[in-house]
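Asker: File my_file-v9.cif follows (mmCIF, N, CA and C atoms):
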```
data_final
#
loop_
_atom_site.group_PDB
_atom_site.id
_atom_site.type_symbol
_atom_site.label_atom_id
_atom_site.label_comp_id
_atom_site.auth_asym_id
_atom_site.auth_seq_id
_atom_site.Cartn_x
_atom_site.Cartn_y
_atom_site.Cartn_z
ATOM 1 N N MET A 1 -0.809 -24.635 -86.993
ATOM 2 C CA MET A 1 -1.038 -23.562 -86.043
ATOM 3 C C MET A 1 -2.311 -22.829 -86.431
ATOM 4 N N THR A 2 -3.009 -22.334 -85.481
ATOM 5 C CA THR A 2 -4.260 -21.620 -85.693
ATOM 6 C C THR A 2 -3.989 -20.156 -85.986
ATOM 7 N N ASP A 3 -4.742 -19.590 -86.927
ATOM 8 C CA ASP A 3 -4.663 -18.157 -87.191
ATOM 9 C C ASP A 3 -5.721 -17.469 -86.348
ATOM 10 N N PHE A 4 -5.304 -16.522 -85.529
ATOM 11 C CA PHE A 4 -6.214 -15.793 -84.673
ATOM 12 C C PHE A 4 -6.605 -14.475 -85.321
ATOM 13 N N LEU A 5 -7.779 -13.980 -84.992
ATOM 14 C CA LEU A 5 -8.194 -12.647 -85.414
ATOM 15 C C LEU A 5 -7.636 -11.633 -84.428
ATOM 16 N N ALA A 6 -7.290 -10.471 -84.942
ATOM 17 C CA ALA A 6 -6.859 -9.391 -84.066
ATOM 18 C C ALA A 6 -8.082 -8.836 -83.345
ATOM 19 N N ALA A 7 -7.878 -8.258 -82.189
ATOM 20 C CA ALA A 7 -8.982 -7.663 -81.428
ATOM 21 C C ALA A 7 -9.722 -6.656 -82.301
ATOM 22 N N GLY A 8 -11.030 -6.772 -82.382
ATOM 23 C CA GLY A 8 -11.859 -5.859 -83.165
ATOM 24 C C GLY A 8 -11.987 -6.238 -84.629
ATOM 25 N N GLU A 9 -11.244 -7.242 -85.084
ATOM 26 C CA GLU A 9 -11.321 -7.672 -86.484
ATOM 27 C C GLU A 9 -12.615 -8.458 -86.701
ATOM 28 N N VAL A 10 -13.238 -8.260 -87.843
ATOM 29 C CA VAL A 10 -14.495 -8.928 -88.173
ATOM 30 C C VAL A 10 -14.225 -9.992 -89.226
ATOM 31 N N ALA A 11 -14.820 -11.154 -89.062
ATOM 32 C CA ALA A 11 -14.662 -12.234 -90.037
ATOM 33 C C ALA A 11 -16.000 -12.920 -90.257
ATOM 34 N N GLU A 12 -16.264 -13.287 -91.487
ATOM 35 C CA GLU A 12 -17.479 -14.042 -91.803
ATOM 36 C C GLU A 12 -17.180 -15.518 -91.622
ATOM 37 N N ILE A 13 -18.082 -16.231 -90.962
ATOM 38 C CA ILE A 13 -17.956 -17.671 -90.826
ATOM 39 C C ILE A 13 -19.241 -18.318 -91.308
ATOM 40 N N ILE A 14 -19.137 -19.540 -91.746
ATOM 41 C CA ILE A 14 -20.308 -20.300 -92.189
ATOM 42 C C ILE A 14 -20.476 -21.470 -91.228
ATOM 43 N N VAL A 15 -21.648 -21.585 -90.645
ATOM 44 C CA VAL A 15 -21.961 -22.660 -89.708
ATOM 45 C C VAL A 15 -23.002 -23.553 -90.356
ATOM 46 N N THR A 16 -22.664 -24.818 -90.511
ATOM 47 C CA THR A 16 -23.597 -25.775 -91.095
ATOM 48 C C THR A 16 -24.570 -26.247 -90.017
ATOM 49 N N LEU A 17 -25.840 -26.041 -90.242
ATOM 50 C CA LEU A 17 -26.869 -26.521 -89.328
ATOM 51 C C LEU A 17 -27.405 -27.826 -89.879
ATOM 52 N N TYR A 18 -27.173 -28.901 -89.173
ATOM 53 C CA TYR A 18 -27.582 -30.208 -89.642
ATOM 54 C C TYR A 18 -29.061 -30.439 -89.360
ATOM 55 N N PRO A 19 -29.702 -31.283 -90.160
ATOM 56 C CA PRO A 19 -31.134 -31.540 -89.977
ATOM 57 C C PRO A 19 -31.426 -32.107 -88.591
ATOM 58 N N SER A 20 -32.589 -31.789 -88.100
ATOM 59 C CA SER A 20 -33.036 -32.346 -86.828
ATOM 60 C C SER A 20 -34.494 -32.769 -86.985
ATOM 61 N N SER A 21 -35.059 -33.283 -85.929
ATOM 62 C CA SER A 21 -36.440 -33.762 -86.027
ATOM 63 C C SER A 21 -37.347 -33.055 -85.020
ATOM 64 N N ASN A 22 -37.089 -31.792 -84.772
ATOM 65 C CA ASN A 22 -37.949 -31.038 -83.862
ATOM 66 C C ASN A 22 -39.188 -30.542 -84.596
ATOM 67 N N VAL A 23 -40.290 -30.523 -83.897
ATOM 68 C CA VAL A 23 -41.529 -29.991 -84.461
ATOM 69 C C VAL A 23 -41.747 -28.600 -83.873
ATOM 70 N N SER A 24 -41.921 -27.621 -84.736
ATOM 71 C CA SER A 24 -42.153 -26.248 -84.284
ATOM 72 C C SER A 24 -43.545 -25.817 -84.706
ATOM 73 N N SER A 25 -44.319 -25.428 -83.743
ATOM 74 C CA SER A 25 -45.664 -24.938 -84.024
ATOM 75 C C SER A 25 -45.657 -23.414 -84.006
ATOM 76 N N ARG A 26 -46.708 -22.815 -84.473
ATOM 77 C CA ARG A 26 -46.830 -21.369 -84.467
ATOM 78 C C ARG A 26 -46.609 -20.838 -83.059
ATOM 79 N N GLY A 27 -45.762 -19.829 -82.941
ATOM 80 C CA GLY A 27 -45.473 -19.242 -81.646
ATOM 81 C C GLY A 27 -44.246 -19.825 -80.958
ATOM 82 N N HIS A 28 -43.770 -20.985 -81.422
ATOM 83 C CA HIS A 28 -42.551 -21.559 -80.852
ATOM 84 C C HIS A 28 -41.348 -20.722 -81.269
ATOM 85 N N ARG A 29 -40.291 -20.792 -80.495
ATOM 86 C CA ARG A 29 -39.062 -20.072 -80.797
ATOM 87 C C ARG A 29 -37.907 -21.055 -80.885
ATOM 88 N N ILE A 30 -36.896 -20.715 -81.664
ATOM 89 C CA ILE A 30 -35.685 -21.520 -81.709
ATOM 90 C C ILE A 30 -34.517 -20.659 -81.252
ATOM 91 N N ARG A 31 -33.490 -21.317 -80.752
ATOM 92 C CA ARG A 31 -32.304 -20.607 -80.283
ATOM 93 C C ARG A 31 -31.079 -21.364 -80.753
ATOM 94 N N ARG A 32 -30.067 -20.642 -81.163
ATOM 95 C CA ARG A 32 -28.780 -21.231 -81.544
ATOM 96 C C ARG A 32 -27.732 -20.686 -80.588
ATOM 97 N N ASP A 33 -26.981 -21.563 -79.919
ATOM 98 C CA ASP A 33 -25.964 -21.148 -78.967
ATOM 99 C C ASP A 33 -24.573 -21.313 -79.569
ATOM 100 N N ALA A 34 -23.718 -20.363 -79.309
ATOM 101 C CA ALA A 34 -22.296 -20.454 -79.645
ATOM 102 C C ALA A 34 -21.534 -20.286 -78.346
ATOM 103 N N SER A 35 -20.580 -21.185 -78.099
ATOM 104 C CA SER A 35 -19.851 -21.096 -76.842
ATOM 105 C C SER A 35 -18.403 -21.487 -77.032
ATOM 106 N N SER A 36 -17.626 -21.172 -76.048
ATOM 107 C CA SER A 36 -16.231 -21.602 -75.976
ATOM 108 C C SER A 36 -16.213 -22.954 -75.274
ATOM 109 N N PRO A 37 -15.136 -23.292 -74.603
ATOM 110 C CA PRO A 37 -15.085 -24.588 -73.924
ATOM 111 C C PRO A 37 -16.331 -24.834 -73.070
ATOM 112 N N ASN A 38 -16.767 -26.072 -73.046
ATOM 113 C CA ASN A 38 -17.963 -26.459 -72.317
ATOM 114 C C ASN A 38 -17.664 -27.744 -71.545
ATOM 115 N N PHE A 39 -16.633 -27.700 -70.705
ATOM 116 C CA PHE A 39 -16.258 -28.867 -69.920
ATOM 117 C C PHE A 39 -17.230 -29.041 -68.760
ATOM 118 N N PRO A 40 -17.719 -30.189 -68.432
ATOM 119 C CA PRO A 40 -17.304 -31.511 -68.877
ATOM 120 C C PRO A 40 -18.110 -32.066 -70.043
ATOM 121 N N ARG A 41 -19.060 -31.299 -70.569
ATOM 122 C CA ARG A 41 -19.841 -31.825 -71.694
ATOM 123 C C ARG A 41 -18.944 -32.160 -72.879
ATOM 124 N N PHE A 42 -17.991 -31.297 -73.162
ATOM 125 C CA PHE A 42 -17.011 -31.533 -74.211
ATOM 126 C C PHE A 42 -15.631 -31.475 -73.583
ATOM 127 N N ASP A 43 -14.657 -32.066 -74.228
ATOM 128 C CA ASP A 43 -13.298 -32.063 -73.708
ATOM 129 C C ASP A 43 -12.790 -30.631 -73.554
ATOM 130 N N VAL A 44 -11.821 -30.433 -72.695
ATOM 131 C CA VAL A 44 -11.273 -29.107 -72.438
ATOM 132 C C VAL A 44 -10.636 -28.546 -73.702
ATOM 133 N N ASN A 45 -10.953 -27.295 -74.013
ATOM 134 C CA ASN A 45 -10.328 -26.566 -75.112
ATOM 135 C C ASN A 45 -9.647 -25.356 -74.485
ATOM 136 N N PRO A 46 -8.306 -25.355 -74.402
ATOM 137 C CA PRO A 46 -7.623 -24.264 -73.717
ATOM 138 C C PRO A 46 -7.631 -22.950 -74.501
ATOM 139 N N THR A 47 -8.124 -22.943 -75.715
ATOM 140 C CA THR A 47 -8.248 -21.764 -76.586
ATOM 141 C C THR A 47 -6.952 -20.978 -76.743
ATOM 142 N N ALA A 48 -5.805 -21.649 -76.634
ATOM 143 C CA ALA A 48 -4.521 -20.968 -76.765
ATOM 144 C C ALA A 48 -3.905 -21.155 -78.146
ATOM 145 N N GLY A 49 -4.480 -22.033 -78.977
ATOM 146 C CA GLY A 49 -3.979 -22.229 -80.330
ATOM 147 C C GLY A 49 -2.785 -23.151 -80.437
ATOM 148 N N GLU A 50 -2.452 -23.841 -79.368
ATOM 149 C CA GLU A 50 -1.324 -24.760 -79.402
ATOM 150 C C GLU A 50 -1.779 -26.120 -79.932
ATOM 151 N N PRO A 51 -0.860 -26.962 -80.413
ATOM 152 C CA PRO A 51 -1.237 -28.276 -80.937
ATOM 153 C C PRO A 51 -2.005 -29.099 -79.902
ATOM 154 N N ILE A 52 -2.999 -29.844 -80.357
ATOM 155 C CA ILE A 52 -3.820 -30.665 -79.469
ATOM 156 C C ILE A 52 -2.938 -31.667 -78.731
ATOM 157 N N GLY A 53 -3.138 -31.757 -77.437
ATOM 158 C CA GLY A 53 -2.382 -32.676 -76.607
ATOM 159 C C GLY A 53 -1.044 -32.124 -76.152
ATOM 160 N N GLN A 54 -0.664 -30.944 -76.640
ATOM 161 C CA GLN A 54 0.616 -30.347 -76.251
ATOM 162 C C GLN A 54 0.424 -28.979 -75.600
ATOM 163 N N GLU A 55 -0.794 -28.693 -75.155
ATOM 164 C CA GLU A 55 -1.098 -27.388 -74.582
ATOM 165 C C GLU A 55 -0.313 -27.171 -73.298
ATOM 166 N N ARG A 56 0.286 -26.008 -73.167
ATOM 167 C CA ARG A 56 1.026 -25.653 -71.960
ATOM 168 C C ARG A 56 0.374 -24.482 -71.234
ATOM 169 N N ARG A 57 -0.570 -23.828 -71.880
ATOM 170 C CA ARG A 57 -1.203 -22.669 -71.259
ATOM 171 C C ARG A 57 -2.666 -22.626 -71.671
ATOM 172 N N ARG A 58 -3.437 -21.802 -71.009
ATOM 173 C CA ARG A 58 -4.847 -21.591 -71.331
ATOM 174 C C ARG A 58 -5.086 -20.116 -71.544
ATOM 175 N N ALA A 59 -6.067 -19.809 -72.368
ATOM 176 C CA ALA A 59 -6.395 -18.409 -72.652
ATOM 177 C C ALA A 59 -7.889 -18.236 -72.548
ATOM 178 N N THR A 60 -8.324 -17.062 -72.153
ATOM 179 C CA THR A 60 -9.740 -16.749 -72.075
ATOM 180 C C THR A 60 -10.231 -16.347 -73.456
ATOM 181 N N ALA A 61 -11.332 -16.926 -73.896
ATOM 182 C CA ALA A 61 -11.919 -16.583 -75.205
ATOM 183 C C ALA A 61 -13.121 -15.687 -74.997
ATOM 184 N N HIS A 62 -13.224 -14.648 -75.799
ATOM 185 C CA HIS A 62 -14.359 -13.735 -75.777
ATOM 186 C C HIS A 62 -15.068 -13.853 -77.119
ATOM 187 N N ASN A 63 -16.318 -14.323 -77.113
ATOM 188 C CA ASN A 63 -17.092 -14.515 -78.336
ATOM 189 C C ASN A 63 -18.172 -13.460 -78.442
ATOM 190 N N ILE A 64 -18.255 -12.818 -79.597
ATOM 191 C CA ILE A 64 -19.303 -11.843 -79.856
ATOM 192 C C ILE A 64 -19.969 -12.240 -81.166
ATOM 193 N N VAL A 65 -21.283 -12.385 -81.132
ATOM 194 C CA VAL A 65 -22.035 -12.747 -82.346
ATOM 195 C C VAL A 65 -22.948 -11.606 -82.687
#
```
Let's see the structure in the file written out as structure tokens.
Answerer:
Amino acid sequence: MTDFLAAGEVAEIIVTLYPSSNVSSRGHRIRRDASSPNFPRFDVNPTAGEPIGQERRRATAHNIV
């Protein structure tokens, strides 16, 4: 089972950024996106914390970075 954070609770997470082969010149900018479900690009994630393949409900996820 997934442990959820309470509303307003702060948690530190570590995100591994894997190497890429982009060339950045002076003045270029980079952006990192964090998102919830991204269907159809990725499979549906109901964000309800239920076992995979046994989901009976869906929940709205609110992400703040």
Asker: Which centre and which edge lengths, in Å to one decimal, describe the axis-aligned box that holds all listed atoms of region 9-28 of chain A after 3 Å is added on each side, as lines of an AutoDock Vina configuration file?
Answerer:
```
center_x = -29.0
center_y = -20.5
center_z = -86.5
size_x = 41.6
size_y = 32.5
size_z = 17.3
```
Asker: If you measure from atom C of Gly49 (chain A) to atom C of Asp33 (chain A), what distance in Å do you get, rounded to one decimal?
Answerer: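 Distance between the two atoms: 21.9 Å.
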Asker: Take the PyMOL selection byres ((chain A and resi 60) around 8), run it mentally on this structure, and tell me the resulting residues as a PDB file with N, CA and C atoms, in the coordinates of the input.
Answerer:
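Output saved as out_38.pdb:
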```pdb
ATOM      1  N   PRO A  46      -8.306 -25.355 -74.402  1.00  0.00           N
ATOM      2  CA  PRO A  46      -7.623 -24.264 -73.717  1.00  0.00           C
ATOM      3  C   PRO A  46      -7.631 -22.950 -74.501  1.00  0.00           C
ATOM      4  N   THR A  47      -8.124 -22.943 -75.715  1.00  0.00           N
ATOM      5  CA  THR A  47      -8.248 -21.764 -76.586  1.00  0.00           C
ATOM      6  C   THR A  47      -6.952 -20.978 -76.743  1.00  0.00           C
ATOM      7  N   ALA A  48      -5.805 -21.649 -76.634  1.00  0.00           N
ATOM      8  CA  ALA A  48      -4.521 -20.968 -76.765  1.00  0.00           C
ATOM      9  C   ALA A  48      -3.905 -21.155 -78.146  1.00  0.00           C
ATOM     10  N   ARG A  57      -0.570 -23.828 -71.880  1.00  0.00           N
ATOM     11  CA  ARG A  57      -1.203 -22.669 -71.259  1.00  0.00           C
ATOM     12  C   ARG A  57      -2.666 -22.626 -71.671  1.00  0.00           C
ATOM     13  N   ARG A  58      -3.437 -21.802 -71.009  1.00  0.00           N
ATOM     14  CA  ARG A  58      -4.847 -21.591 -71.331  1.00  0.00           C
ATOM     15  C   ARG A  58      -5.086 -20.116 -71.544  1.00  0.00           C
ATOM     16  N   ALA A  59      -6.067 -19.809 -72.368  1.00  0.00           N
ATOM     17  CA  ALA A  59      -6.395 -18.409 -72.652  1.00  0.00           C
ATOM     18  C   ALA A  59      -7.889 -18.236 -72.548  1.00  0.00           C
ATOM     19  N   ALA A  61     -11.332 -16.926 -73.896  1.00  0.00           N
ATOM     20  CA  ALA A  61     -11.919 -16.583 -75.205  1.00  0.00           C
ATOM     21  C   ALA A  61     -13.121 -15.687 -74.997  1.00  0.00           C
ATOM     22  N   HIS A  62     -13.224 -14.648 -75.799  1.00  0.00           N
ATOM     23  CA  HIS A  62     -14.359 -13.735 -75.777  1.00  0.00           C
ATOM     24  C   HIS A  62     -15.068 -13.853 -77.119  1.00  0.00           C
ATOM     25  N   ASN A  63     -16.318 -14.323 -77.113  1.00  0.00           N
ATOM     26  CA  ASN A  63     -17.092 -14.515 -78.336  1.00  0.00           C
ATOM     27  C   ASN A  63     -18.172 -13.460 -78.442  1.00  0.00           C
TER      28      ASN A  63
END
```
Asker: When you draw a straight line from atom N of Pro40 (chain A) to CA of Tyr18 (chain A), how long is it in Å?
Answerer: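 According to the coordinates, atom N of Pro40 (chain A) and CA of Tyr18 (chain A) are separated by 23.4 Å.
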Asker: By how many Å are CA of Ile64 (chain A) and CA of Ala7 (chain A) apart?
Answerer: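 Computing the Euclidean distance for CA of Ile64 (chain A) and CA of Ala7 (chain A) yields 11.2 Å.
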